[in-house]
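**Student:** Have a look at the structure that comes next, please.
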There are 2 protein chains.
Amino acid sequence: MPIDPNADIEITGFVWVPDFARGFVRDLRPRWACEEAGLSYRERLLDFETAKGEDYRREQPFGQVPAYRDDEVQMFESGAMVLHIAERSEALMPEDRAGRARVLTWVTAALNSVEPFVFDLVNIDTFNKDAEWGRLRRPQVIENLRGRLASLSGWLGDKHYLEGGFTAADIIMATVLREVSDEALMAEFPNLVAYRERCIGRPAFKRAMQAQLASFAPEPVAA
Amino acid sequence: MPIDPNADIEITGFVWVPDFARGFVRDLRPRWACEEAGLSYRERLLDFETAKGEDYRREQPFGQVPAYRDDEVQMFESGAMVLHIAERSEALMPEDRAGRARVLTWVTAALNSVEPFVFDLVNIDTFNKDAEWGRLRRPQVIENLRGRLASLSGWLGDKHYLEGGFTAADIIMATVLREVSDEALMAEFPNLVAYRERCIGRPAFKRAMQAQLASFAPEPVAA
């Protein structure tokens with residue numbers, strides 16, 4: 001297990017979140033990247049009030065987790081930190097320019113061309129379950145997301161990962177696909193279901209998930 | 001002007017789009033990056049049918065523009081290609097690891113923590129003007145976007161750019177802020193309005209914009 005209080009890499013997480021969010025908070029991504037790369041990290045756990053406070057916003061201007069630091073670098077945004085961690089390890093990114101550009105491309109595609117469509121659906125199914133606008137809007141959101149998943153499925157074909165072997169891009173894309181809140185829609189794309197399971201079946205993912213789940217206090221914690 | 005039919009960098013764009021999209025198609029981003037970096041590029045213009053076709057989807061799986069290639073690399077996603085172009089020029093990215101990580105962080109923040117909230121509003125104001133769900137939903141979309149802009153405004157303070165001098169991150173963030181379809185909301189954050197104007201007032205932006213506008217045929221073009 002790479003959690004080590006003396007590690008140079010520090011990743012922030014929440015000390016408590018509601019049950020529905022457990023296993024989905026985005027510090028999962030850099031935890032997973034560290035596990036794949038064999039890099040140890042230390043946790044710094046925050047309550048919501050601290051995360052929204054002025055001090056922490058100097059590290060993470062949106063008051064969210066994760067934030068990241070190592071001996072040289074301070075950053076936020078889980079996608080960016082996974083790319084940064086990948087630069088320290090061939091386990092997550094090839095060394096040649098062409099291969100690196102492909103990983104960067106697919107991380108960005110997951111974050112900007114797929115996740116916003118997934119989140120449109122989560123926003124209805126999880127956060128606005130009983131809203132009239134959601135009932136009216138949902139069919140079009142499904143249709144838009146279906147289009148994105150069809151494009152992704154067409155690219156993936158029978159490949160095991162997005163680009164050759166497993167890379168940082170698969171960490172981001174698989175965590176995005178885990179967020180899809182309509183399994184019937186996912187089931188229309190068996191190669192994407194298999195891809196997602198292949199990614200989250202990796203021992204490094206399981207260790208990262210266990211570490212996130214183990215970090216939560218059972219009850220809300222005050223500042 | 002860095003458009004040169006013999007350039008090693010190729011960027012795809014559309015040969016025609018409706019008036020409301022002119023000046024907002026995302027090939028603007030790599031065009032702008034090339035202008036800042038002083039790198040010449042060649043255009044390859046596509047009609048919608050070609051972009052949605054199987055051949056082009058091998059380059060751009062979502063059937064969109066821009067796609068990018070140079071002597072070594074093939075990629076898509078405007079955010080990724082701006083980062084890639086930035087690696088070729090100190091004009092867009094500092095050389096030290098800490099500074100590079102900050103640019104990567106802010107590009108990702110613009111794409112994943114700001115643009116989806118901007119696009120939620122565009123989606124109502126531009127693409128679903130008369131929809132009942134949009135009328136019901138809009139106040140919450142404004143509230144969510146206001147929160148993101150407030151965080152960004154708090155970070156920016158009286159700085160001229162996101163991180164020291166102008167970088168690739170400002171290309172992405174300024175193009176995201178140009179998409180906000182409610183100027184009254186933007187006006188609540190004078191430092192963001194000034195920042196956006198500072199960025200798009202740069203000669204390189206103006207040249208990129210002129211180049212995109214000049215590329216469009218006056219009438220739709222068939223395949």
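Letters for chains follow the order of the structure tokens (A, B, ...), residue numbers begin at 1 for each chain, and ligand numbers begin at 1 in the order shown.
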List the spatial neighbours of Leu192 in chain A as a ChimeraX atom specification - criterion: any atom at most 10 Å away, only C-alpha atoms, same-chain residues fewer than 2 positions off excluded.

**Tutor:** /A:149-150,152-154,156-158,160,174,177,186-190,194-198

**Student:** Could those residues be written to a file, using C-alpha atoms, as a tab-separated table (two decimals), in the first residue's frame?

**Tutor:**
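Result file result_19.tsv:
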chain	number	residue	atom	x	y	z
A	149	LEU	CA	-20.68	6.55	-25.98
A	150	ALA	CA	-21.28	5.32	-29.55
A	152	LEU	CA	-16.13	6.05	-27.94
A	153	SER	CA	-17.30	2.49	-28.54
A	154	GLY	CA	-16.50	2.87	-32.24
A	156	LEU	CA	-12.36	1.28	-28.84
A	157	GLY	CA	-13.57	-1.60	-31.04
A	158	ASP	CA	-11.93	-4.73	-29.66
A	160	HIS	CA	-8.23	-3.57	-24.53
A	174	ALA	CA	-12.84	4.45	-16.71
A	177	LEU	CA	-17.71	5.62	-17.32
A	186	MET	CA	-24.17	1.37	-20.91
A	187	ALA	CA	-25.38	-2.14	-21.82
A	188	GLU	CA	-25.97	-0.93	-25.38
A	189	PHE	CA	-22.16	-0.83	-25.66
A	190	PRO	CA	-20.79	-4.19	-24.46
A	194	ALA	CA	-16.00	-4.79	-20.71
A	195	TYR	CA	-13.43	-1.98	-20.93
A	196	ARG	CA	-14.68	-0.34	-17.76
A	197	GLU	CA	-14.60	-3.68	-15.89
A	198	ARG	CA	-11.12	-4.44	-17.28

**Student:** Enumerate as a list in words the residues belonging to chain A that approach chain B to within 6 Å, with only C-alpha atoms taken into account.

**Tutor:** Pro61, Phe62, Glu72, Val73, Phe76, Glu77, Ala80, Ala98, Leu104, Thr105, Leu111, Asn112, Pro116, Trp133, Leu136 and Ser151 of chain A

**Student:** Can you pull out every residue within 7 Å of range 180-182 of chain B, counting only C-alpha atoms, but drop anything in the same chain fewer than 5 positions away, and send it as a ChimeraX atom specification?

**Tutor:** /B:118,121-122,125

**Student:** Report the residues of range 92-203 of chain B whose backbone DSSP state falls under alpha helix (DSSP H), written as number ranges by chain.

**Tutor:** B: 97-109, 115-125, 132-156, 168-178, 183-187, 190-200, 203

**Student:** Leaving out Gln212 in chain B and any residue of its chain fewer than 3 positions from it, which residues lie within 10 Å of it when counting only C-alpha atoms, given as a PyMOL selection string?

**Tutor:** chain B and resi 13-15+22-28+31-32+43+206-209+215-216

**Student:** Extract the full set of strand (DSSP E or B) residues from range 29-216 of chain A according to DSSP on the backbone, and format it as a list in words.

**Tutor:**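 Reading the DSSP output for range 29-216 of chain A, strand (DSSP E or B) covers Tyr41, Arg42, Glu43, Arg44, Leu45, Leu46, Ala67, Tyr68, Arg69, Gln74, Met75 and Phe76 of chain A.
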
**Student:** Quick one, how far is CA of Thr50 in chain B from CA of Ile11 in chain B?

**Tutor:**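 Spanning CA of Thr50 in chain B to CA of Ile11 in chain B is a straight-line distance of 15.2 Å.
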
**Student:** Go through B:Glu179, B:Glu87, B:Glu95, B:Glu10 one by one, measure the shortest atom-to-atom distance of each to Tyr68 in chain B using only C-alpha atoms, and give the residue with the smallest value.

**Tutor:**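 Closest to Tyr68 in chain B of all the choices is B:Glu10.
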